[in-house]
>>> print(open('my_file02.tsv').read())   # TSV, C-alpha atoms
chain	number	residue	atom	x	y	z
V	13	MET	CA	0.00	0.00	0.00
V	14	SER	CA	1.45	3.34	-0.98
V	15	ILE	CA	1.95	6.20	1.44
V	16	ALA	CA	-0.49	8.29	-0.63
V	17	VAL	CA	-3.24	5.71	-0.18
V	18	VAL	CA	-2.61	5.58	3.58
V	19	ILE	CA	-2.64	9.40	3.89
V	20	THR	CA	-5.80	9.64	1.77
V	21	GLY	CA	-7.46	6.98	3.95
V	22	LEU	CA	-6.46	8.84	7.10
V	23	PHE	CA	-7.79	12.09	5.68
V	24	TYR	CA	-11.16	10.61	4.80
V	25	GLY	CA	-11.36	8.75	8.12
V	26	THR	CA	-10.69	11.94	10.08
V	27	ASN	CA	-13.07	13.91	7.90
V	28	THR	CA	-15.87	11.38	8.43
V	29	TYR	CA	-15.25	11.48	12.18
V	30	LEU	CA	-15.36	15.28	12.24
V	31	ASN	CA	-18.55	15.30	10.16
V	32	ALA	CA	-20.16	12.89	12.64
V	33	GLU	CA	-19.10	15.21	15.48
V	34	ASN	CA	-20.67	18.21	13.73
V	35	GLU	CA	-23.83	16.30	12.89
V	36	GLY	CA	-24.33	15.67	16.59
V	37	ASP	CA	-24.28	19.41	17.23
V	38	ALA	CA	-27.61	19.69	15.38
V	39	LEU	CA	-29.16	19.08	18.79
V	40	ILE	CA	-27.68	22.27	20.25
V	41	GLY	CA	-30.26	25.01	20.68
V	42	VAL	CA	-33.39	25.97	22.60
V	43	TRP	CA	-36.35	23.59	22.37
V	44	GLU	CA	-39.96	23.67	23.53
V	45	PRO	CA	-41.80	20.49	24.61
V	46	SER	CA	-45.35	19.95	23.28
V	47	HIS	CA	-46.95	21.12	26.55
V	48	GLY	CA	-45.35	24.56	26.06
V	49	LYS	CA	-44.79	24.99	29.81
V	50	ALA	CA	-40.99	25.13	29.59
V	51	ARG	CA	-38.07	25.77	27.26
V	52	VAL	CA	-34.94	23.68	27.36
V	53	LYS	CA	-31.51	24.76	26.16
V	54	ILE	CA	-29.37	21.87	24.94
V	55	ASP	CA	-25.62	22.36	24.94
V	56	LYS	CA	-22.52	20.20	24.63
V	57	ILE	CA	-20.15	19.54	27.50
V	58	ALA	CA	-17.16	17.20	27.15
V	59	ASP	CA	-18.58	15.58	23.98
V	60	LYS	CA	-21.97	14.81	25.49
V	61	TYR	CA	-25.24	16.71	25.24
V	62	TYR	CA	-27.18	18.18	28.16
V	63	GLY	CA	-30.40	20.14	28.39
V	64	LYS	CA	-31.43	22.60	31.09
V	65	ILE	CA	-34.66	24.49	31.68
V	66	VAL	CA	-34.14	28.14	30.76
V	67	TRP	CA	-37.74	29.35	30.80
V	68	LEU	CA	-40.92	28.38	32.61
V	69	LYS	CA	-44.39	29.55	31.63
V	70	GLU	CA	-45.25	29.57	35.32
V	71	PRO	CA	-41.94	30.31	37.08
V	72	ASN	CA	-43.40	30.67	40.56
V	73	ASP	CA	-45.05	28.02	42.72
V	74	PRO	CA	-48.71	29.12	43.11
V	75	ALA	CA	-48.71	27.76	46.66
V	76	THR	CA	-45.75	29.82	47.87
V	77	GLY	CA	-45.38	32.60	45.30
V	78	GLU	CA	-41.66	31.78	45.26
V	79	PRO	CA	-39.67	30.51	42.23
V	80	LYS	CA	-40.31	26.81	41.62
V	81	VAL	CA	-37.82	24.37	43.11
V	82	ASP	CA	-37.15	20.66	42.70
V	83	LYS	CA	-39.42	19.67	45.60
V	84	ASN	CA	-40.03	16.13	44.27
V	85	ASN	CA	-36.36	15.13	44.06
V	86	PRO	CA	-35.83	11.76	45.79
V	87	ASP	CA	-32.74	13.33	47.44
V	88	ALA	CA	-34.31	15.65	50.03
V	89	SER	CA	-31.09	17.69	50.25
V	90	MET	CA	-31.77	18.88	46.69
V	91	HIS	CA	-35.37	20.05	47.25
V	92	ASN	CA	-34.19	23.65	47.18
V	93	ALA	CA	-32.63	23.36	43.69
V	94	PRO	CA	-34.27	25.93	41.37
V	95	LEU	CA	-36.16	24.49	38.40
V	96	ARG	CA	-35.04	27.36	36.19
V	97	GLY	CA	-31.56	26.24	35.19
V	98	TYR	CA	-32.22	22.59	36.11
V	99	ARG	CA	-30.55	19.99	33.87
V	100	ILE	CA	-33.33	17.60	32.92
V	101	LEU	CA	-31.50	16.02	29.95
V	102	LYS	CA	-28.16	14.40	30.72
V	103	ASP	CA	-25.34	12.45	29.10
V	104	PHE	CA	-26.61	12.05	25.52
V	105	GLU	CA	-24.12	10.65	23.01
V	106	TYR	CA	-24.51	11.02	19.28
V	107	GLN	CA	-24.91	7.67	17.57
V	108	GLY	CA	-25.14	8.90	13.98
V	109	ASP	CA	-28.22	8.97	11.76
V	110	GLY	CA	-29.82	11.82	13.73
V	111	GLN	CA	-30.06	9.87	16.97
V	112	TRP	CA	-28.70	10.50	20.49
V	113	GLU	CA	-28.71	7.74	23.10
V	114	ASN	CA	-27.43	6.67	26.54
V	115	GLY	CA	-29.00	9.72	28.16
V	116	THR	CA	-31.64	10.33	30.78
V	117	ILE	CA	-34.58	12.68	31.20
V	118	TYR	CA	-35.79	13.92	34.58
V	119	ASP	CA	-39.43	14.75	35.23
V	120	PRO	CA	-39.57	17.39	37.99
V	121	GLU	CA	-43.31	16.83	38.37
V	122	ASN	CA	-42.76	13.40	39.94
V	123	GLY	CA	-39.02	13.33	40.67
V	124	SER	CA	-38.42	10.37	38.34
V	125	THR	CA	-35.53	9.83	35.96
V	126	TYR	CA	-36.06	7.81	32.78
V	127	SER	CA	-33.76	6.39	30.14
V	128	CYS	CA	-34.14	8.45	27.01
V	129	ILE	CA	-33.38	8.59	23.30
V	130	ILE	CA	-33.65	11.61	21.03
V	131	LYS	CA	-34.34	11.48	17.29
V	132	LEU	CA	-33.99	14.42	14.93
V	133	LYS	CA	-37.06	14.45	12.67
V	134	ASP	CA	-36.06	17.61	10.80
V	135	ASP	CA	-33.84	20.62	11.56
V	136	ASN	CA	-36.43	22.08	13.93
V	137	THR	CA	-38.15	19.00	15.36
V	138	ILE	CA	-36.98	16.27	17.71
V	139	GLU	CA	-38.71	13.27	19.20
V	140	ILE	CA	-37.84	12.58	22.82
V	141	ARG	CA	-38.69	9.12	24.10
V	142	GLY	CA	-38.47	8.39	27.81
V	143	TYR	CA	-38.70	4.79	28.95
V	144	ILE	CA	-38.02	2.42	31.81
V	145	GLY	CA	-35.97	-0.66	30.97
V	146	VAL	CA	-37.23	-1.54	27.50
V	147	LYS	CA	-37.64	1.12	24.80
V	148	THR	CA	-41.04	-0.34	23.89
V	149	PHE	CA	-42.56	0.80	27.17
V	150	GLY	CA	-42.29	4.54	27.18
V	151	ARG	CA	-43.70	7.84	26.05
V	152	THR	CA	-42.65	10.02	23.14
V	153	ASP	CA	-42.96	13.79	23.01
V	154	VAL	CA	-42.25	16.12	20.11
V	155	TRP	CA	-40.16	19.20	20.79
V	156	LYS	CA	-39.82	22.20	18.48
V	157	ARG	CA	-36.74	24.38	18.09
V	158	LEU	CA	-37.10	28.02	19.08
V	159	LYS	CA	-35.35	30.76	17.19
V	160	ILE	CA	-33.76	33.03	19.76
V	161	GLU	CA	-33.11	36.63	18.90
V	162	LYS	CA	-30.15	38.11	20.72
V	163	LYS	CA	-30.87	41.22	22.76
V	164	LYS	CA	-29.90	44.43	21.04
V	165	LYS	CA	-28.07	47.11	22.96
Q	9	MET	CA	-31.31	-23.50	60.51
Q	10	LYS	CA	-29.29	-24.82	57.60
Q	11	LYS	CA	-30.43	-21.85	55.49
Q	12	LEU	CA	-29.41	-19.42	58.24
Q	13	VAL	CA	-25.94	-20.95	58.46
Q	14	THR	CA	-25.60	-20.76	54.67
Q	15	LEU	CA	-26.65	-17.10	54.67
Q	16	LEU	CA	-24.28	-16.23	57.52
Q	17	SER	CA	-21.42	-18.02	55.76
Q	18	PHE	CA	-22.17	-16.11	52.56
Q	19	GLY	CA	-22.23	-12.83	54.46
Q	20	LEU	CA	-18.92	-13.60	56.16
Q	21	LEU	CA	-17.39	-14.55	52.80
Q	22	LEU	CA	-18.53	-11.24	51.29
Q	23	ALA	CA	-17.13	-9.30	54.23
Q	24	ALA	CA	-13.82	-11.13	53.95
Q	25	CYS	CA	-13.60	-10.43	50.20
Q	26	SER	CA	-14.37	-6.73	50.52
Q	27	GLY	CA	-11.70	-6.29	53.21
Q	28	PRO	CA	-11.11	-3.37	55.53
Q	29	THR	CA	-11.19	0.19	54.19
Q	30	GLU	CA	-9.92	3.50	55.49
Q	31	THR	CA	-11.18	7.03	54.99
Q	32	VAL	CA	-8.73	9.50	53.49
Q	33	THR	CA	-9.41	13.22	53.12
Q	34	SER	CA	-8.03	14.60	49.87
Q	35	GLU	CA	-5.89	17.66	49.42
Q	36	PRO	CA	-8.15	20.56	48.36
Q	37	ILE	CA	-8.76	20.78	44.60
Q	38	THR	CA	-8.95	24.29	43.16
Q	39	VAL	CA	-10.65	24.78	39.81
Q	40	THR	CA	-11.07	28.01	37.87
Q	41	MET	CA	-14.67	28.12	36.66
Q	42	THR	CA	-15.60	30.30	33.70
Q	43	ALA	CA	-18.92	31.27	32.16
Q	44	ASP	CA	-18.08	32.84	28.82
Q	45	PHE	CA	-19.32	36.22	27.63
Q	46	PRO	CA	-22.01	37.09	26.54
Q	47	LEU	CA	-24.06	36.27	29.62
Q	48	TYR	CA	-27.72	37.09	30.06
Q	49	GLU	CA	-29.98	37.41	33.05
Q	50	GLY	CA	-31.15	33.94	34.10
Q	51	ALA	CA	-29.64	30.46	33.72
Q	52	ASN	CA	-26.01	30.31	32.56
Q	53	THR	CA	-23.31	27.65	32.66
Q	54	SER	CA	-19.84	27.85	34.11
Q	55	ILE	CA	-17.30	25.12	33.32
Q	56	GLY	CA	-13.91	24.04	34.65
Q	57	GLU	CA	-11.92	20.83	34.82
Q	58	PHE	CA	-9.11	19.15	36.70
Q	59	GLU	CA	-6.68	16.32	36.05
Q	60	VAL	CA	-6.96	13.38	38.40
Q	61	ASP	CA	-3.64	12.78	40.21
Q	62	LEU	CA	-4.45	10.37	43.02
Q	63	ASP	CA	-0.89	10.19	44.37
Q	64	GLN	CA	-0.94	13.94	44.91
Q	65	LEU	CA	-4.56	14.10	46.08
Q	66	LEU	CA	-4.19	11.33	48.65
Q	67	ASN	CA	-0.55	11.94	49.54
Q	68	LYS	CA	0.24	8.32	48.65
Q	69	GLN	CA	2.83	7.10	46.19
Q	70	GLY	CA	1.79	4.52	43.59
Q	71	PHE	CA	-1.85	4.46	44.66
Q	72	ILE	CA	-3.85	1.80	42.81
Q	73	VAL	CA	-7.10	3.22	41.44
Q	74	ASP	CA	-8.95	-0.07	41.91
Q	75	ASN	CA	-8.49	0.42	45.65
Q	76	ILE	CA	-11.00	3.30	45.62
Q	77	LYS	CA	-14.27	2.04	47.05
Q	78	ASN	CA	-16.21	5.26	47.45
Q	79	VAL	CA	-15.74	9.00	47.02
Q	80	LYS	CA	-17.79	11.87	48.40
Q	81	LEU	CA	-17.53	15.62	48.04
Q	82	THR	CA	-17.54	16.89	51.61
Q	83	ALA	CA	-17.05	20.62	51.07
Q	84	ALA	CA	-17.10	23.14	48.24
Q	85	SER	CA	-16.66	26.89	48.38
Q	86	LEU	CA	-16.11	29.57	45.80
Q	87	THR	CA	-14.64	33.02	45.51
Q	88	ILE	CA	-15.66	35.33	42.69
Q	89	ALA	CA	-12.58	36.68	40.92
Q	90	ASP	CA	-13.86	40.21	40.29
Q	91	SER	CA	-15.27	41.72	43.46
Q	92	ASP	CA	-17.52	43.98	41.33
Q	93	TYR	CA	-19.48	40.87	40.40
Q	94	THR	CA	-20.25	39.58	43.89
Q	95	GLY	CA	-23.99	39.72	44.28
Q	96	LEU	CA	-24.58	39.06	40.59
Q	97	MET	CA	-25.27	35.33	41.08
Q	98	ASP	CA	-28.23	34.31	43.21
Q	99	GLN	CA	-28.32	30.51	42.67
Q	100	ILE	CA	-25.78	27.81	41.90
Q	101	SER	CA	-25.92	24.05	41.28
Q	102	LEU	CA	-22.69	22.08	41.09
Q	103	GLN	CA	-22.20	18.92	39.01
Q	104	LEU	CA	-19.34	16.61	38.05
Q	105	THR	CA	-18.99	14.56	34.90
Q	106	THR	CA	-16.40	12.62	32.89
Q	107	SER	CA	-16.17	11.07	29.44
Q	108	ASN	CA	-17.41	7.71	30.67
Q	109	SER	CA	-19.60	8.61	33.66
Q	110	GLY	CA	-22.98	10.24	33.90
Q	111	MET	CA	-23.29	13.76	35.28
Q	112	GLN	CA	-23.84	13.83	39.05
Q	113	LYS	CA	-25.19	16.73	41.05
Q	114	VAL	CA	-23.02	17.22	44.12
Q	115	GLY	CA	-23.81	20.65	45.52
Q	116	LEU	CA	-26.22	23.53	45.61
Q	117	LEU	CA	-26.87	26.94	47.08
Q	118	ASN	CA	-30.20	28.75	46.76
Q	119	PRO	CA	-30.23	31.58	47.48
Q	120	VAL	CA	-26.60	32.69	47.35
Q	121	PRO	CA	-26.04	35.21	50.15
Q	122	MET	CA	-25.30	38.69	48.83
Q	123	GLY	CA	-22.06	40.53	49.43
Q	124	LYS	CA	-19.96	37.62	50.72
Q	125	GLU	CA	-16.44	37.08	49.39
Q	126	THR	CA	-16.48	33.32	49.97
Q	127	ILE	CA	-19.62	31.31	49.29
Q	128	VAL	CA	-20.00	27.87	50.86
Q	129	LEU	CA	-22.18	25.37	49.02
Q	130	GLN	CA	-24.56	22.84	50.51
Q	131	MET	CA	-23.56	19.24	49.65
Q	132	ALA	CA	-25.89	16.66	48.08
Q	133	ALA	CA	-26.73	13.83	50.46
Q	134	GLU	CA	-26.80	11.31	47.61
Q	135	GLN	CA	-23.60	11.28	45.56
Q	136	LYS	CA	-23.40	8.32	43.20
Q	137	GLY	CA	-20.63	7.28	40.84
Q	138	LEU	CA	-17.85	9.58	42.04
Q	139	ALA	CA	-15.45	6.65	42.61
Q	140	ALA	CA	-15.70	5.73	38.91
Q	141	MET	CA	-15.00	9.35	37.94
Q	142	PHE	CA	-11.73	9.35	39.90
Q	143	LYS	CA	-10.60	6.31	37.89
Q	144	GLU	CA	-10.51	8.52	34.80
Q	145	ASN	CA	-7.89	11.10	33.80
Q	146	LYS	CA	-10.02	14.22	33.86
Q	147	ILE	CA	-13.12	15.42	35.68
Q	148	VAL	CA	-15.27	18.22	34.28
Q	149	VAL	CA	-16.94	20.54	36.77
Q	150	VAL	CA	-20.21	22.16	35.67
Q	151	ALA	CA	-21.83	24.93	37.67
Q	152	ASP	CA	-25.26	26.13	36.61
Q	153	ILE	CA	-25.61	29.66	37.85
Q	154	ASN	CA	-28.46	32.14	37.82
Q	155	LEU	CA	-27.46	35.73	37.11
Q	156	ILE	CA	-29.69	38.55	38.21
Q	157	GLU	CA	-28.66	40.78	35.26
Q	158	ASP	CA	-26.84	40.68	31.92
Q	159	LEU	CA	-23.05	40.73	32.02
Q	160	GLU	CA	-20.83	41.88	29.16
Q	161	ASP	CA	-17.83	40.03	30.49
Q	162	ASP	CA	-16.76	36.51	31.47
Q	163	PHE	CA	-17.93	35.45	34.93
Q	164	VAL	CA	-15.02	33.75	36.66
Q	165	PHE	CA	-14.71	32.17	40.09
Q	166	GLU	CA	-12.32	29.91	41.97
Q	167	LEU	CA	-13.92	26.74	43.28
Q	168	VAL	CA	-12.25	24.80	46.09
Q	169	MET	CA	-13.43	21.23	46.70
Q	170	ASN	CA	-12.60	18.70	49.38
Q	171	PHE	CA	-13.25	15.02	48.79
Q	172	GLU	CA	-13.35	12.09	51.16
Q	173	PHE	CA	-12.07	8.77	49.78
Q	174	GLU	CA	-12.92	5.36	51.17
Q	175	VAL	CA	-9.99	3.20	50.07
Q	176	LYS	CA	-8.42	-0.17	50.65
Q	177	PRO	CA	-5.19	0.47	52.57
>>> encode(input="my_file02.tsv", output="structure tokens")
Amino acid sequence: MSIAVVITGLFYGTNTYLNAENEGDALIGVWEPSHGKARVKIDKIADKYYGKIVWLKEPNDPATGEPKVDKNNPDASMHNAPLRGYRILKDFEYQGDGQWENGTIYDPENGSTYSCIIKLKDDNTIEIRGYIGVKTFGRTDVWKRLKIEKKKK
Amino acid sequence: MKKLVTLLSFGLLLAACSGPTETVTSEPITVTMTADFPLYEGANTSIGEFEVDLDQLLNKQGFIVDNIKNVKLTAASLTIADSDYTGLMDQISLQLTTSNSGMQKVGLLNPVPMGKETIVLQMAAEQKGLAAMFKENKIVVVADINLIEDLEDDFVFELVMNFEFEVKP
């Protein structure tokens, strides 16, 4: 095998890898679940994807009038964690073909964490499927991408 | 009776296999945490990282990583680099993650007291998977912070963490 063939192979291999990396970044952005009660910003940290709540339709707890906190967390020491800024999507890895796996989704309404997969349906739509154990037994929600306009000074 | 003896024997065997452990307090780990400009009022993210050097952390030469049985963050405090920005952050959640481990929430403070130079975080009671993180080369520290107003600058703070290791001697 000639050196040229090896170098060409390396180039294409690296290029394919980089393309896969960039494809995964299609998930980065601000998304709104179908219920419209929250907005979730997905970003990338150390090659994995995470989503945190950045907006709540009802930011304050009607019972207390104070900003909502994670009062249903199974760890009582975390009950005071604010829901705005809470990371509900964790540890997603891009698997190629518009799909992210090995992550979890947290439901603050009941304090439960579910296994989760995300599928990109088109540039502005994702399907989020939370499940326990087997992927068959779960629930799918459709999230839409929000276009965020930067504040002007 | 026979079942009881079998169970007791099994328990004793497990105890013998796991062996005695000792608790070692690590040297403090200092991480510079940065949330990059531009920053807006509300939820923002600050990130830092540190290399895992167990010999240095535990003051032991040639420490074998498999001897780590459990790790817990026992204390975390932060100092905001620019004193003009103290009072800008009113909430913080602290998490750790690595390439091969899931993100784990380890600390929190809500609300952050105003006007203090050093801010001490409250530790999570449940801290899972930290031992596995310390078997990797690098740990990423993620702090989700809430800012009370926009900031046209990076928001930087020094985070000091103390860990407690349960190890086989």
>>> closest_atom_pairs(input="my_file02.tsv", of="chain V", to="chain Q", cutoff="12 Å", atoms="only C-alpha atoms", output="CSV")
residue,atom,partner,partner_atom,distance
V:Arg51,CA,Q:Ala51,CA,11.6
V:Val52,CA,Q:Ala51,CA,10.7
V:Lys53,CA,Q:Ala51,CA,9.7
V:Ile54,CA,Q:Thr53,CA,11.4
V:Asp55,CA,Q:Thr53,CA,9.6
V:Lys56,CA,Q:Thr53,CA,11.0
V:Ile57,CA,Q:Val148,CA,8.5
V:Ala58,CA,Q:Ser107,CA,6.6
V:Asp59,CA,Q:Ser107,CA,7.5
V:Lys60,CA,Q:Ser107,CA,8.0
V:Tyr61,CA,Q:Met111,CA,10.6
V:Tyr62,CA,Q:Met111,CA,9.2
V:Gly63,CA,Q:Thr53,CA,11.2
V:Lys64,CA,Q:Ala51,CA,8.5
V:Ile65,CA,Q:Ala51,CA,8.1
V:Val66,CA,Q:Ala51,CA,5.9
V:Trp67,CA,Q:Ala51,CA,8.7
V:Leu68,CA,Q:Gly50,CA,11.3
V:Pro71,CA,Q:Gly50,CA,11.8
V:Glu78,CA,Q:Pro119,CA,11.6
V:Pro79,CA,Q:Asn118,CA,10.6
V:Lys80,CA,Q:Asn118,CA,11.5
V:Val81,CA,Q:Asn118,CA,9.5
V:Asp82,CA,Q:Asn118,CA,11.4
V:Asn85,CA,Q:Glu134,CA,10.9
V:Pro86,CA,Q:Glu134,CA,9.2
V:Asp87,CA,Q:Glu134,CA,6.3
V:Ala88,CA,Q:Ala133,CA,7.8
V:Ser89,CA,Q:Ala132,CA,5.7
V:Met90,CA,Q:Ala132,CA,6.4
V:His91,CA,Q:Leu116,CA,9.9
V:Asn92,CA,Q:Asn118,CA,6.5
V:Ala93,CA,Q:Asn118,CA,6.7
V:Pro94,CA,Q:Asn118,CA,7.3
V:Leu95,CA,Q:Ala51,CA,10.0
V:Arg96,CA,Q:Ala51,CA,6.7
V:Gly97,CA,Q:Ala51,CA,4.9
V:Tyr98,CA,Q:Asp152,CA,7.8
V:Arg99,CA,Q:Asp152,CA,8.6
V:Ile100,CA,Q:Met111,CA,11.0
V:Leu101,CA,Q:Met111,CA,10.0
V:Lys102,CA,Q:Met111,CA,6.7
V:Asp103,CA,Q:Gly110,CA,5.8
V:Phe104,CA,Q:Gly110,CA,9.3
V:Glu105,CA,Q:Ser107,CA,10.2
V:Asn114,CA,Q:Gly110,CA,9.3
V:Gly115,CA,Q:Gly110,CA,8.3
V:Thr116,CA,Q:Gly110,CA,9.2
V:Lys162,CA,Q:Tyr48,CA,9.7
V:Lys163,CA,Q:Tyr48,CA,9.0
V:Lys164,CA,Q:Tyr48,CA,11.8
V:Lys165,CA,Q:Glu160,CA,10.9
>>> closest_residue(input="my_file02.tsv", among="V:Gly48, V:Glu121, V:Asn136, V:Lys147", to="V:Lys159", atoms="all atoms listed in the file")
V:Asn136
>>> atom_distance(input="my_file02.tsv", atom1="atom CA of Q:Pro46", atom2="atom CA of V:Glu44")
22.6 Å
>>> closest_residue(input="my_file02.tsv", among="V:Gly150, V:Gly36, V:Gly123, V:Gly77", to="V:Asp135", atoms="all atoms listed in the file")
V:Gly36
>>> closest_residue(input="my_file02.tsv", among="V:Ala75, V:Ala38, V:Trp112, V:Pro45", to="V:Thr152", atoms="all atoms listed in the file")
V:Pro45
>>> atom_distance(input="my_file02.tsv", atom1="atom CA of Q:Thr31", atom2="atom CA of Q:Leu104")
21.1 Å
>>> atom_distance(input="my_file02.tsv", atom1="atom CA of Q:Phe58", atom2="atom CA of Q:Asp161")
23.5 Å
>>> closest_residue(input="my_file02.tsv", among="Q:Glu157, Q:Glu30, Q:Glu59, Q:Asp98", to="Q:Asn78", atoms="all atoms listed in the file")
Q:Glu30
>>> closest_residue(input="my_file02.tsv", among="V:Lys83, V:Lys156, V:Arg141, V:Arg151", to="V:Pro120", atoms="all atoms listed in the file")
V:Lys83
